[in-house]
Amino acid sequence: MDTFSQELAVLQKAYKKILAIGLMVFFLVLVFLILEIFKIVQILEISWKTIFGPITFVVVAVSLLLVLIFVYKCEQHRAVLQIEKTRRFTQFVLSRLSKMAFWSDYEGHFVYVNNAACQKLGYTEQELLNLKVFDIEDIFPFISWEEHWQKLKSSGNLVIESYYRTKNGKIFPVEIHETYIEFEGKEYNCTFVEDMTIRKESEESLRKSERFLTDIFESILDGISVLSLDLTVLRVNTVMEKWYSCHLPLIGKKCYTCYHGSNRVCDPCPSLRCLLSGKPENEIVAGLPGSPVEWIELYSYPMKNPQTGKIVGILEFVRDITQRKKAEIALEQSETKFRTLFNDMSEGVALHELILNKEGNPSDYRIIDVNPSYSKHTGIPMEMAKGILGTKVYGTEKPAYLDVFAKVAQTGEPYIFDTYFPPLKKHFHVSVVSHGKNCFATVFEDITERKKREQELHEKNAELERFTYTVSHDLRSPLITIKGFLGVMQQDLLSGRQDRILNDMKRISDAADKMESLLRDLLELSRIGRIVNKPIKISLDQLFKDAIELLSGSIKKKEINIVLYSGFPFVYGDPVRLLQVIQNLLENAIKYIGQQESPLVEIGMREKDQEKIFWIKDNGIGIDPKYHENIFGLFNKLDAKTEGTGIGLALVKRIVEVHGGRVWVESEGLGKGATFCFTLPCTAE
Amino acid sequence: MQEHPFYILLVEDNQDHAELVKRTLEKTETESLIFHVDNGESALDFLYRRGIYQDNLCFPKPNLILLDLRLPKIDGLEVLRAIKQEERFLDIPVVILTSSDTEQDLTKAYRYHANSYLTKPVDFIKFSNMMKDFGDYWLYCNKTVDWNKTIDLKKDTNWHKSMDRLF
């Protein structure tokens with residue numbers, strides 16, 4: 001700029017000098033002319049008056065002419081100067097332009113290049129002016145110059161993207177603006193070129209980051225949906241398009257229309273909440289009916305303008321939680337099912353965890369949970385068991401069954417056992433299963449009643465077995481005797497031997513009697529299972545007196561002293577059967593009184609553990625303690641020679657047991673007498 | 001032949017049956033002497049020479065025991081087991097004579113090492129024949145140990161060694 005003003009200043013100085021010299025020359029010429037005229041007038045001696053007019057005219061005309069010429073020249077010079085100024089300015093601007101600029105002619109020769117072009121391409125101006133356009137443009141080997149020129153000529157302007165090669169071979173992208181110009185009959189291509197390297201690079205990185213974001217957008221397995229402030233879908237990923245394929249295209253529709261098939265805003269809508277709160281919101285909502293996505297978890301994030309912080313849109317993350325939700329529902333149902341089972345099942349259930357000591361060995365267990373049946377079976381209230389140690393719940397010094405439970409809890413192998421549990425005085429059937437490491441559950445049933453029944457059944461079976469056995473043996477015995485002695489008698493008769501016949505006949509007769517009484521007693525025994533007579537209130541005092549009365553004959557005969565104590569209670573029962581009991585026991589005492597000098601039978605009562613025990617005591621031959629059990633068995637006799645069938649005491653036992661009582665014998669041994677005791681729990685006060 | 005009569009210990013609670021056994025055995029060839037006890041306890045007392053059976057001469061060691069199973073005080077099977085558990089009684093054959101023919105009794109009797117098992121038939125002819133056969137077999141055909149010649153096996157501990165030397 002400075003250089004140009006200097007040049008301009010020099011030019012203006014020169015112009016003024018020229019103007020001053022012109023004026024001086026004009027005045028000199030004018031003076032010379034006037035002097036010449038004066039000389040001519042003196043020579044010709046023409047009157048000044050006559051000559052003055054034409055002279056003046058000539059002078060004025062010449063002067064005017066000169067002035068006109070001068071003004072014209074000055075104007076001409078000024079116009080040139082102006083053009084030069086404009087040209088210089090243009091050139092100046094061009095040379096300083098950051099864009100490359102050059103003119104080339106029809107053949108592609110450079111006519112003009114600016115500084116930027118020289119710098120970018122790495123040539124000097126002279127070097128460039130000796131080159132052609134296609135020396136630097138990388139694209140021309142593929143497109144012909146002529147073709148390109150024609151295209152430019154017909155359109156006037158062209159914008160193309162191309163690549164230029166610098167002097168040292170580097171290639172860079174450019175954007176070329178070409179203009180076709182005809183000047184002074186010549187054709188020119190006026191070209192402005194922009195180096196696109198930086199723009200291309202930034203474009204590329206923009207494209208890359210765009211692709212990166214798109215990749216992320218598409219690679220997320222959740223559905224993503226971008227909503228505008230009025231809940232219009234702006235963008236979705238393919239997951240969303242797959243899920244809501246029945247409503248394609250999604251973009252441009254309202255979210256509630258394409259995602260929920262509704263024409264109103266959903267309630268609840270986390271996106272609306274998110275718009276109001278400006279915070280991320282989420283919600284579990286039902287999916288579009290008929291779509292594979294039955295349950296979705298929706299996260300709405302507000303998209304904010306980083307500068308203003310104003311919400312510009314909503315980003316929705318849609319997660320398919322159908323599987324999870326289904327599993328949850330199934331779990332809930334299963335939980336309800338098992339909880340109901342747990343609460344309603346008849347078996348008691350207790351869940352436990354093992355307590356380990358410092359060495360890691362099981363030392364106790366804690367009850368975690370119990371069901372209502374637990375309380376029913378054990379009698380322990382649920383709140384007295386939950387969360388409490390086994391030793392405390394059952395009041396035992398050592399945890400009960402710890403070995404068994406620990407083994408199950410640690411190996412996971414279930415175990416089943418029947419047990420009698422002394423702290424609760426009950427029999428239990430227990431299944432132990434493990435439901436986790438160091439955890440175990442007991443499922444149990446109170447089988448006390450069953451055990452009792454089983455025991456009873458066992459006893460009944462044993463009795464039945466004994467019964468059949470005895471029937472086959474004891475009923476057969478008299479038959480053998482009868483037929484045997486008949487045979488013997490026959491032989492004796494044939495051989496004429498008569499001395500033994502009467503004796504043998506008695507044996508036969510006795511055997512027949514024995515058989516008859518056996519059959520009678522068996523019949524009697526078989527009747528006892530069921531009490532025929534309705535239980536009534538009976539005076540035991542009276543019953544004992546009746547029995548003594550019935551046996552008075554044999555009592556007198558053996559001169560036995562009977563002592564009957566008083567104060568017996570009333571009982572409920574079958575009087576006929578109970579009389580049978582007393583009669584049998586009394587009979588027994590009389591039968592085995594032995595050769596006593598002062599035979600004595602006492603009848604009395606004692607109380608032990610709030611239980612009334614009735615006893616019939618004799619001072620007879622007594623019973624060896626080893627036989628105390630089996631004398632009550634069917635057909636068991638201690639002495640083969642004594643009369644009776646061996647059913648009596650079995651009968652007594654049966655009747656007493658049917659009445660719910662017990663019967664037993666106490667005797668210190670042979671010769672020490674015996675005391676038969678029995679209880680009747682149906683005592684009435 | 002034995003110098004003394006064949007001693008039989010009859011354990012039978014039914015007096016009539018005992019009498020029948022005695023009478024049917026009278027007919028056998030071999031002379032036998034029957035000692036009758038009517039319960040299991042007495043039977044063991046007899047063998048162990050306890051209580052009233054202490055007299056060695058009156059109550060000798062029997063050559064055979066006829067044992068009923070259903071007995072007062074101590075059951076016949078218990079008596080059998082007691083006998084067979086006692087080494088010194090192992091050389092006495094025990095013949096079960098009972099009216100029971102249940103499988104249970106039969107099996108148990110043999111498990112307790114009974115030497116024979118007889119059931120009393122109701123029919124007298126059969127009973128008579130059976131006792132005759134019994135007498136013929138056990139008292140005549142079968143050889144039982146003669147107590148007078150009994151060697152004490154315990155004293156002859158080298159018995160099996162002397163056998164080795166023979167071969």
# chains A, B, ... in the order shown; residues from 1 in each chain; ligands from 1
>>> closest_atom_pairs(of="chain A", to="chain B", cutoff="10 Å", atoms="only C-alpha atoms", output="Markdown table")
| residue | atom | partner | partner_atom | distance |
| --- | --- | --- | --- | --- |
| A:Tyr469 | CA | B:Ser100 | CA | 7.7 |
| A:Thr470 | CA | B:Ser100 | CA | 8.7 |
| A:Val471 | CA | B:Ser100 | CA | 9.8 |
| A:Ser472 | CA | B:Ser100 | CA | 6.7 |
| A:His473 | CA | B:Ser100 | CA | 5.4 |
| A:Asp474 | CA | B:Ser99 | CA | 8.3 |
| A:Leu475 | CA | B:Ser99 | CA | 9.6 |
| A:Arg476 | CA | B:Ser99 | CA | 6.9 |
| A:Ser477 | CA | B:Ser99 | CA | 6.8 |
| A:Pro478 | CA | B:Asp16 | CA | 8.8 |
| A:Leu479 | CA | B:Val122 | CA | 6.3 |
| A:Ile480 | CA | B:Val122 | CA | 4.6 |
| A:Thr481 | CA | B:Asp16 | CA | 6.0 |
| A:Ile482 | CA | B:Val122 | CA | 8.8 |
| A:Lys483 | CA | B:Phe124 | CA | 5.7 |
| A:Gly484 | CA | B:Phe124 | CA | 4.8 |
| A:Phe485 | CA | B:Leu20 | CA | 7.3 |
| A:Leu486 | CA | B:Phe124 | CA | 7.9 |
| A:Gly487 | CA | B:Phe124 | CA | 5.7 |
| A:Val488 | CA | B:Leu20 | CA | 8.1 |
| A:Asp504 | CA | B:Asp16 | CA | 9.0 |
| A:Arg507 | CA | B:Asp16 | CA | 6.9 |
| A:Ile508 | CA | B:Asp16 | CA | 9.0 |
| A:Asp510 | CA | B:Asp16 | CA | 9.9 |
| A:Ala511 | CA | B:Asp16 | CA | 8.7 |
| A:Asp624 | CA | B:Lys73 | CA | 9.5 |
| A:Lys626 | CA | B:Lys73 | CA | 8.9 |
| A:Tyr627 | CA | B:Lys73 | CA | 7.0 |
| A:Asn630 | CA | B:Lys73 | CA | 8.9 |
| A:Ile631 | CA | B:Lys73 | CA | 9.0 |
| A:Phe635 | CA | B:Pro72 | CA | 9.4 |
| A:Asn636 | CA | B:Pro72 | CA | 6.7 |
| A:Lys637 | CA | B:Pro72 | CA | 5.4 |
| A:Leu638 | CA | B:Pro72 | CA | 4.9 |
| A:Asp639 | CA | B:Pro72 | CA | 6.1 |
| A:Ala640 | CA | B:Asp13 | CA | 5.4 |
| A:Lys641 | CA | B:Asp13 | CA | 7.9 |
>>> write_last_selection(atoms="C-alpha atoms", output="mmCIF file, in the first residue's frame")
data_model
loop_
_atom_site.group_PDB
_atom_site.id
_atom_site.type_symbol
_atom_site.label_atom_id
_atom_site.label_comp_id
_atom_site.auth_asym_id
_atom_site.auth_seq_id
_atom_site.Cartn_x
_atom_site.Cartn_y
_atom_site.Cartn_z
ATOM 1 C CA TYR A 469 -49.789 -121.124 66.899
ATOM 2 C CA THR A 470 -51.467 -122.180 70.097
ATOM 3 C CA VAL A 471 -54.619 -123.197 68.386
ATOM 4 C CA SER A 472 -52.632 -125.489 66.131
ATOM 5 C CA HIS A 473 -50.665 -126.845 69.070
ATOM 6 C CA ASP A 474 -52.911 -126.756 72.101
ATOM 7 C CA LEU A 475 -56.068 -127.848 70.393
ATOM 8 C CA ARG A 476 -54.206 -130.667 68.747
ATOM 9 C CA SER A 477 -52.730 -131.942 71.997
ATOM 10 C CA PRO A 478 -55.977 -133.299 73.477
ATOM 11 C CA LEU A 479 -56.768 -134.905 70.133
ATOM 12 C CA ILE A 480 -53.453 -136.721 70.134
ATOM 13 C CA THR A 481 -54.160 -137.862 73.663
ATOM 14 C CA ILE A 482 -57.655 -139.081 72.871
ATOM 15 C CA LYS A 483 -56.729 -140.946 69.705
ATOM 16 C CA GLY A 484 -53.494 -142.198 71.219
ATOM 17 C CA PHE A 485 -55.080 -143.745 74.255
ATOM 18 C CA LEU A 486 -57.944 -145.149 72.226
ATOM 19 C CA GLY A 487 -55.290 -146.945 70.169
ATOM 20 C CA VAL A 488 -53.485 -148.131 73.286
ATOM 21 C CA ASP A 504 -56.646 -144.554 80.156
ATOM 22 C CA ARG A 507 -57.167 -139.632 80.353
ATOM 23 C CA ILE A 508 -59.393 -139.572 77.283
ATOM 24 C CA ASP A 510 -59.943 -135.354 80.751
ATOM 25 C CA ALA A 511 -58.512 -134.521 77.348
ATOM 26 C CA ASP A 624 -39.848 -115.924 89.453
ATOM 27 C CA LYS A 626 -38.085 -113.802 84.731
ATOM 28 C CA TYR A 627 -41.618 -115.022 84.051
ATOM 29 C CA ASN A 630 -44.865 -113.960 79.695
ATOM 30 C CA ILE A 631 -47.428 -115.126 82.233
ATOM 31 C CA PHE A 635 -51.666 -120.318 76.829
ATOM 32 C CA ASN A 636 -48.581 -119.591 78.860
ATOM 33 C CA LYS A 637 -48.512 -121.708 81.957
ATOM 34 C CA LEU A 638 -45.708 -121.946 84.429
ATOM 35 C CA ASP A 639 -46.632 -125.339 85.692
ATOM 36 C CA ALA A 640 -47.792 -127.984 83.292
ATOM 37 C CA LYS A 641 -49.518 -129.902 86.041
#
>>> select_by_dssp(residues="segment 50-159 of chain B", states="strand (DSSP E)", output="list in words")
Leu64, Ile65, Leu66, Leu67, Val94, Val95, Ile96, Leu97, Thr98, Ser116, Tyr117, Leu118 and Thr119 of chain B
>>> write_last_selection(atoms="N, CA and C atoms", output="PDB file, in the first residue's frame")
ATOM      1  N   LEU B  64     -29.844-139.468  74.468  1.00  0.00           N
ATOM      2  CA  LEU B  64     -30.662-138.758  73.470  1.00  0.00           C
ATOM      3  C   LEU B  64     -31.686-137.905  74.211  1.00  0.00           C
ATOM      4  N   ILE B  65     -32.038-136.791  73.600  1.00  0.00           N
ATOM      5  CA  ILE B  65     -33.065-135.944  74.225  1.00  0.00           C
ATOM      6  C   ILE B  65     -34.256-135.861  73.275  1.00  0.00           C
ATOM      7  N   LEU B  66     -35.438-136.172  73.801  1.00  0.00           N
ATOM      8  CA  LEU B  66     -36.688-135.997  73.035  1.00  0.00           C
ATOM      9  C   LEU B  66     -37.321-134.711  73.572  1.00  0.00           C
ATOM     10  N   LEU B  67     -37.434-133.699  72.733  1.00  0.00           N
ATOM     11  CA  LEU B  67     -37.783-132.376  73.232  1.00  0.00           C
ATOM     12  C   LEU B  67     -39.055-131.843  72.560  1.00  0.00           C
ATOM     13  N   VAL B  94     -30.398-134.300  69.748  1.00  0.00           N
ATOM     14  CA  VAL B  94     -31.664-133.769  70.236  1.00  0.00           C
ATOM     15  C   VAL B  94     -32.716-133.982  69.145  1.00  0.00           C
ATOM     16  N   VAL B  95     -33.752-134.742  69.490  1.00  0.00           N
ATOM     17  CA  VAL B  95     -34.836-134.983  68.540  1.00  0.00           C
ATOM     18  C   VAL B  95     -36.048-134.184  69.005  1.00  0.00           C
ATOM     19  N   ILE B  96     -36.522-133.334  68.130  1.00  0.00           N
ATOM     20  CA  ILE B  96     -37.696-132.531  68.475  1.00  0.00           C
ATOM     21  C   ILE B  96     -38.933-133.386  68.241  1.00  0.00           C
ATOM     22  N   LEU B  97     -39.807-133.436  69.250  1.00  0.00           N
ATOM     23  CA  LEU B  97     -41.076-134.166  69.108  1.00  0.00           C
ATOM     24  C   LEU B  97     -42.174-133.206  69.538  1.00  0.00           C
ATOM     25  N   THR B  98     -42.908-132.720  68.555  1.00  0.00           N
ATOM     26  CA  THR B  98     -43.853-131.657  68.883  1.00  0.00           C
ATOM     27  C   THR B  98     -45.142-131.820  68.085  1.00  0.00           C
ATOM     28  N   SER B 116     -33.025-133.872  64.698  1.00  0.00           N
ATOM     29  CA  SER B 116     -34.144-134.466  63.970  1.00  0.00           C
ATOM     30  C   SER B 116     -35.408-133.735  64.386  1.00  0.00           C
ATOM     31  N   TYR B 117     -36.434-133.791  63.554  1.00  0.00           N
ATOM     32  CA  TYR B 117     -37.657-133.069  63.865  1.00  0.00           C
ATOM     33  C   TYR B 117     -38.841-133.970  63.540  1.00  0.00           C
ATOM     34  N   LEU B 118     -39.610-134.310  64.579  1.00  0.00           N
ATOM     35  CA  LEU B 118     -40.761-135.200  64.395  1.00  0.00           C
ATOM     36  C   LEU B 118     -42.014-134.477  64.855  1.00  0.00           C
ATOM     37  N   THR B 119     -43.101-134.606  64.077  1.00  0.00           N
ATOM     38  CA  THR B 119     -44.374-134.045  64.545  1.00  0.00           C
ATOM     39  C   THR B 119     -45.281-135.199  64.956  1.00  0.00           C
TER      40      THR B 119
END
>>> select_by_dssp(residues="segment 276-417 of chain A", states="helix (DSSP H, G or I)", output="ChimeraX atom specification")
/A:276-277,322-344,372-378,382-384,390-394,402-411
>>> write_last_selection(atoms="N, CA and C atoms", output="tab-separated table (two decimals), in the first residue's frame")
chain	number	residue	atom	x	y	z
A	276	LEU	N	-40.17	-31.70	32.33
A	276	LEU	CA	-40.50	-30.80	33.43
A	276	LEU	C	-39.38	-30.71	34.45
A	277	SER	N	-38.79	-31.89	34.76
A	277	SER	CA	-37.80	-31.90	35.84
A	277	SER	C	-36.39	-31.56	35.33
A	322	THR	N	-38.85	-57.94	28.70
A	322	THR	CA	-39.90	-58.96	28.67
A	322	THR	C	-39.46	-60.21	29.44
A	323	GLN	N	-38.23	-60.66	29.11
A	323	GLN	CA	-37.74	-61.89	29.76
A	323	GLN	C	-37.66	-61.70	31.26
A	324	ARG	N	-37.08	-60.55	31.65
A	324	ARG	CA	-36.88	-60.27	33.07
A	324	ARG	C	-38.23	-60.21	33.77
A	325	LYS	N	-39.15	-59.47	33.13
A	325	LYS	CA	-40.47	-59.27	33.71
A	325	LYS	C	-41.20	-60.62	33.82
A	326	LYS	N	-41.08	-61.43	32.76
A	326	LYS	CA	-41.71	-62.74	32.78
A	326	LYS	C	-41.14	-63.58	33.92
A	327	ALA	N	-39.79	-63.53	34.02
A	327	ALA	CA	-39.12	-64.28	35.08
A	327	ALA	C	-39.58	-63.78	36.45
A	328	GLU	N	-39.72	-62.45	36.56
A	328	GLU	CA	-40.17	-61.86	37.82
A	328	GLU	C	-41.58	-62.34	38.16
A	329	ILE	N	-42.43	-62.31	37.13
A	329	ILE	CA	-43.82	-62.73	37.35
A	329	ILE	C	-43.84	-64.21	37.74
A	330	ALA	N	-43.05	-65.01	36.99
A	330	ALA	CA	-43.00	-66.44	37.28
A	330	ALA	C	-42.49	-66.67	38.69
A	331	LEU	N	-41.48	-65.89	39.06
A	331	LEU	CA	-40.88	-66.02	40.39
A	331	LEU	C	-41.90	-65.66	41.47
A	332	GLU	N	-42.63	-64.59	41.17
A	332	GLU	CA	-43.65	-64.13	42.11
A	332	GLU	C	-44.72	-65.20	42.29
A	333	GLN	N	-45.14	-65.76	41.13
A	333	GLN	CA	-46.17	-66.80	41.19
A	333	GLN	C	-45.65	-68.01	41.95
A	334	SER	N	-44.41	-68.37	41.62
A	334	SER	CA	-43.82	-69.53	42.26
A	334	SER	C	-43.65	-69.27	43.76
A	335	GLU	N	-43.26	-68.05	44.09
A	335	GLU	CA	-43.09	-67.67	45.50
A	335	GLU	C	-44.43	-67.79	46.23
A	336	THR	N	-45.49	-67.26	45.57
A	336	THR	CA	-46.83	-67.33	46.16
A	336	THR	C	-47.25	-68.78	46.34
A	337	LYS	N	-46.96	-69.56	45.28
A	337	LYS	CA	-47.35	-70.96	45.29
A	337	LYS	C	-46.67	-71.68	46.45
A	338	PHE	N	-45.34	-71.46	46.55
A	338	PHE	CA	-44.60	-72.17	47.57
A	338	PHE	C	-44.89	-71.64	48.97
A	339	ARG	N	-45.18	-70.35	49.04
A	339	ARG	CA	-45.52	-69.76	50.33
A	339	ARG	C	-46.84	-70.37	50.82
A	340	THR	N	-47.80	-70.50	49.89
A	340	THR	CA	-49.08	-71.10	50.24
A	340	THR	C	-48.86	-72.54	50.69
A	341	LEU	N	-48.06	-73.23	49.91
A	341	LEU	CA	-47.74	-74.62	50.25
A	341	LEU	C	-47.12	-74.70	51.63
A	342	PHE	N	-46.14	-73.81	51.83
A	342	PHE	CA	-45.39	-73.76	53.09
A	342	PHE	C	-46.35	-73.51	54.26
A	343	ASN	N	-47.29	-72.56	54.05
A	343	ASN	CA	-48.18	-72.20	55.14
A	343	ASN	C	-49.30	-73.21	55.37
A	344	ASP	N	-49.72	-73.86	54.27
A	344	ASP	CA	-50.89	-74.73	54.41
A	344	ASP	C	-50.56	-76.20	54.57
A	372	PRO	N	-46.84	-72.64	60.02
A	372	PRO	CA	-47.80	-72.83	61.11
A	372	PRO	C	-47.87	-74.28	61.61
A	373	SER	N	-47.66	-75.24	60.66
A	373	SER	CA	-47.72	-76.64	61.07
A	373	SER	C	-46.59	-76.99	62.04
A	374	TYR	N	-45.51	-76.24	61.95
A	374	TYR	CA	-44.39	-76.47	62.88
A	374	TYR	C	-44.90	-76.36	64.32
A	375	SER	N	-45.68	-75.29	64.55
A	375	SER	CA	-46.20	-75.07	65.89
A	375	SER	C	-47.20	-76.16	66.27
A	376	LYS	N	-47.96	-76.58	65.27
A	376	LYS	CA	-48.97	-77.60	65.52
A	376	LYS	C	-48.31	-78.90	65.98
A	377	HIS	N	-47.21	-79.26	65.30
A	377	HIS	CA	-46.56	-80.53	65.63
A	377	HIS	C	-45.71	-80.47	66.89
A	378	THR	N	-45.06	-79.31	67.10
A	378	THR	CA	-44.12	-79.25	68.22
A	378	THR	C	-44.72	-78.60	69.46
A	382	MET	N	-44.60	-70.01	66.82
A	382	MET	CA	-43.69	-69.62	65.74
A	382	MET	C	-42.69	-68.56	66.18
A	383	GLU	N	-43.19	-67.57	66.96
A	383	GLU	CA	-42.29	-66.48	67.36
A	383	GLU	C	-41.24	-66.93	68.38
A	384	MET	N	-41.48	-68.09	69.00
A	384	MET	CA	-40.51	-68.61	69.95
A	384	MET	C	-39.43	-69.44	69.24
A	390	GLY	N	-31.14	-73.54	67.99
A	390	GLY	CA	-31.78	-74.83	68.23
A	390	GLY	C	-31.71	-75.25	69.68
A	391	THR	N	-30.56	-75.04	70.30
A	391	THR	CA	-30.39	-75.46	71.70
A	391	THR	C	-31.36	-74.71	72.61
A	392	LYS	N	-31.62	-73.44	72.28
A	392	LYS	CA	-32.53	-72.65	73.12
A	392	LYS	C	-33.98	-73.03	72.89
A	393	VAL	N	-34.32	-73.23	71.59
A	393	VAL	CA	-35.71	-73.56	71.27
A	393	VAL	C	-36.12	-74.86	71.96
A	394	TYR	N	-35.23	-75.87	71.90
A	394	TYR	CA	-35.61	-77.17	72.43
A	394	TYR	C	-35.07	-77.41	73.85
A	402	LEU	N	-27.36	-82.67	65.45
A	402	LEU	CA	-26.44	-81.77	64.74
A	402	LEU	C	-25.62	-82.51	63.68
A	403	ASP	N	-25.15	-83.71	64.02
A	403	ASP	CA	-24.32	-84.48	63.08
A	403	ASP	C	-25.07	-84.70	61.77
A	404	VAL	N	-26.31	-85.18	61.92
A	404	VAL	CA	-27.13	-85.49	60.75
A	404	VAL	C	-27.38	-84.22	59.93
A	405	PHE	N	-27.79	-83.16	60.62
A	405	PHE	CA	-28.14	-81.91	59.95
A	405	PHE	C	-26.91	-81.30	59.26
A	406	ALA	N	-25.78	-81.31	59.96
A	406	ALA	CA	-24.56	-80.71	59.40
A	406	ALA	C	-24.14	-81.45	58.14
A	407	LYS	N	-24.28	-82.77	58.17
A	407	LYS	CA	-23.89	-83.58	57.00
A	407	LYS	C	-24.76	-83.20	55.79
A	408	VAL	N	-26.05	-83.08	56.04
A	408	VAL	CA	-26.97	-82.72	54.95
A	408	VAL	C	-26.64	-81.31	54.44
A	409	ALA	N	-26.45	-80.37	55.38
A	409	ALA	CA	-26.20	-78.97	55.00
A	409	ALA	C	-24.90	-78.83	54.24
A	410	GLN	N	-23.93	-79.70	54.54
A	410	GLN	CA	-22.62	-79.53	53.91
A	410	GLN	C	-22.45	-80.38	52.66
A	411	THR	N	-23.15	-81.51	52.58
A	411	THR	CA	-23.02	-82.35	51.38
A	411	THR	C	-24.18	-82.14	50.44
>>> closest_atom_pairs(of="segment 307-359 of chain A", to="segment 248-265 of chain A", cutoff="12 Å", atoms="only C-alpha atoms", output="JSON lines")
{"residue": "A:Ile314", "atom": "CA", "partner": "A:Cys255", "partner_atom": "CA", "distance": 11.1}
{"residue": "A:Leu315", "atom": "CA", "partner": "A:Cys255", "partner_atom": "CA", "distance": 11.7}
{"residue": "A:Glu316", "atom": "CA", "partner": "A:Cys255", "partner_atom": "CA", "distance": 10.1}
{"residue": "A:Val318", "atom": "CA", "partner": "A:Tyr259", "partner_atom": "CA", "distance": 10.5}
>>> residues_around(residues="segment 576-581 of chain A", least_positions_apart="2", cutoff="8 Å", atoms="only C-alpha atoms", output="ChimeraX atom specification")
/A:543-544,546-547,573-574,583-585,651-652,655-656
>>> write_last_selection(atoms="N, CA and C atoms", output="PDB file, in the first residue's frame")
ATOM      1  N   LEU A 543     -67.770-104.554  93.248  1.00  0.00           N
ATOM      2  CA  LEU A 543     -67.222-105.530  92.299  1.00  0.00           C
ATOM      3  C   LEU A 543     -66.311-106.526  93.016  1.00  0.00           C
ATOM      4  N   PHE A 544     -65.453-106.002  93.923  1.00  0.00           N
ATOM      5  CA  PHE A 544     -64.559-106.893  94.672  1.00  0.00           C
ATOM      6  C   PHE A 544     -65.375-107.844  95.558  1.00  0.00           C
ATOM      7  N   ASP A 546     -68.413-108.861  95.080  1.00  0.00           N
ATOM      8  CA  ASP A 546     -69.072-109.861  94.230  1.00  0.00           C
ATOM      9  C   ASP A 546     -68.118-110.987  93.876  1.00  0.00           C
ATOM     10  N   ALA A 547     -66.899-110.604  93.534  1.00  0.00           N
ATOM     11  CA  ALA A 547     -65.907-111.597  93.122  1.00  0.00           C
ATOM     12  C   ALA A 547     -65.586-112.544  94.271  1.00  0.00           C
ATOM     13  N   GLY A 573     -67.014 -98.432  83.077  1.00  0.00           N
ATOM     14  CA  GLY A 573     -66.576 -99.591  82.319  1.00  0.00           C
ATOM     15  C   GLY A 573     -67.677-100.603  82.181  1.00  0.00           C
ATOM     16  N   ASP A 574     -67.259-101.765  81.681  1.00  0.00           N
ATOM     17  CA  ASP A 574     -68.190-102.871  81.485  1.00  0.00           C
ATOM     18  C   ASP A 574     -68.151-103.708  82.761  1.00  0.00           C
ATOM     19  N   GLN A 583     -62.202-111.532  89.263  1.00  0.00           N
ATOM     20  CA  GLN A 583     -62.422-112.938  89.545  1.00  0.00           C
ATOM     21  C   GLN A 583     -61.211-113.771  89.141  1.00  0.00           C
ATOM     22  N   ASN A 584     -60.695-113.496  87.944  1.00  0.00           N
ATOM     23  CA  ASN A 584     -59.534-114.234  87.450  1.00  0.00           C
ATOM     24  C   ASN A 584     -58.316-114.038  88.327  1.00  0.00           C
ATOM     25  N   LEU A 585     -58.078-112.776  88.716  1.00  0.00           N
ATOM     26  CA  LEU A 585     -56.898-112.478  89.528  1.00  0.00           C
ATOM     27  C   LEU A 585     -57.026-113.128  90.902  1.00  0.00           C
ATOM     28  N   LEU A 651     -56.681-113.090  79.224  1.00  0.00           N
ATOM     29  CA  LEU A 651     -58.010-112.495  79.234  1.00  0.00           C
ATOM     30  C   LEU A 651     -58.029-111.235  80.086  1.00  0.00           C
ATOM     31  N   VAL A 652     -57.423-111.330  81.289  1.00  0.00           N
ATOM     32  CA  VAL A 652     -57.350-110.192  82.203  1.00  0.00           C
ATOM     33  C   VAL A 652     -56.655-109.011  81.519  1.00  0.00           C
ATOM     34  N   ILE A 655     -58.838-107.407  78.816  1.00  0.00           N
ATOM     35  CA  ILE A 655     -59.956-106.590  79.303  1.00  0.00           C
ATOM     36  C   ILE A 655     -59.449-105.254  79.864  1.00  0.00           C
ATOM     37  N   VAL A 656     -58.382-105.365  80.668  1.00  0.00           N
ATOM     38  CA  VAL A 656     -57.847-104.127  81.268  1.00  0.00           C
ATOM     39  C   VAL A 656     -57.385-103.163  80.174  1.00  0.00           C
TER      40      VAL A 656
END
>>> residues_around(residues="Val111 of chain A", least_positions_apart="4", cutoff="12 Å", atoms="only C-alpha atoms", output="NGL selection string")
:A and (101-107 or 125-133 or 186-191)
>>> atom_distance(atom1="atom CA of Phe568 of chain A", atom2="atom CA of Gly648 of chain A")
24.1 Å
>>> closest_residue(among="B:Thr144, B:Thr107, B:Arg50, B:Leu80", to="Val11 of chain B", atoms="only C-alpha atoms")
B:Leu80
>>> atom_distance(atom1="atom CA of Val31 of chain A", atom2="atom CA of Gln12 of chain A")
28.5 Å
>>> closest_residue(among="B:Ile83, B:Leu9, B:Lys143, B:Ala109", to="Lys61 of chain B", atoms="only C-alpha atoms")
B:Leu9
>>> residues_around(residues="Leu523 of chain A", least_positions_apart="6", cutoff="12 Å", atoms="only C-alpha atoms", output="PyMOL selection string")
chain A and resi 467+471+516-517+529+647+651
>>> atom_distance(atom1="atom CA of Ala441 of chain A", atom2="atom CA of Asp369 of chain A")
9.3 Å
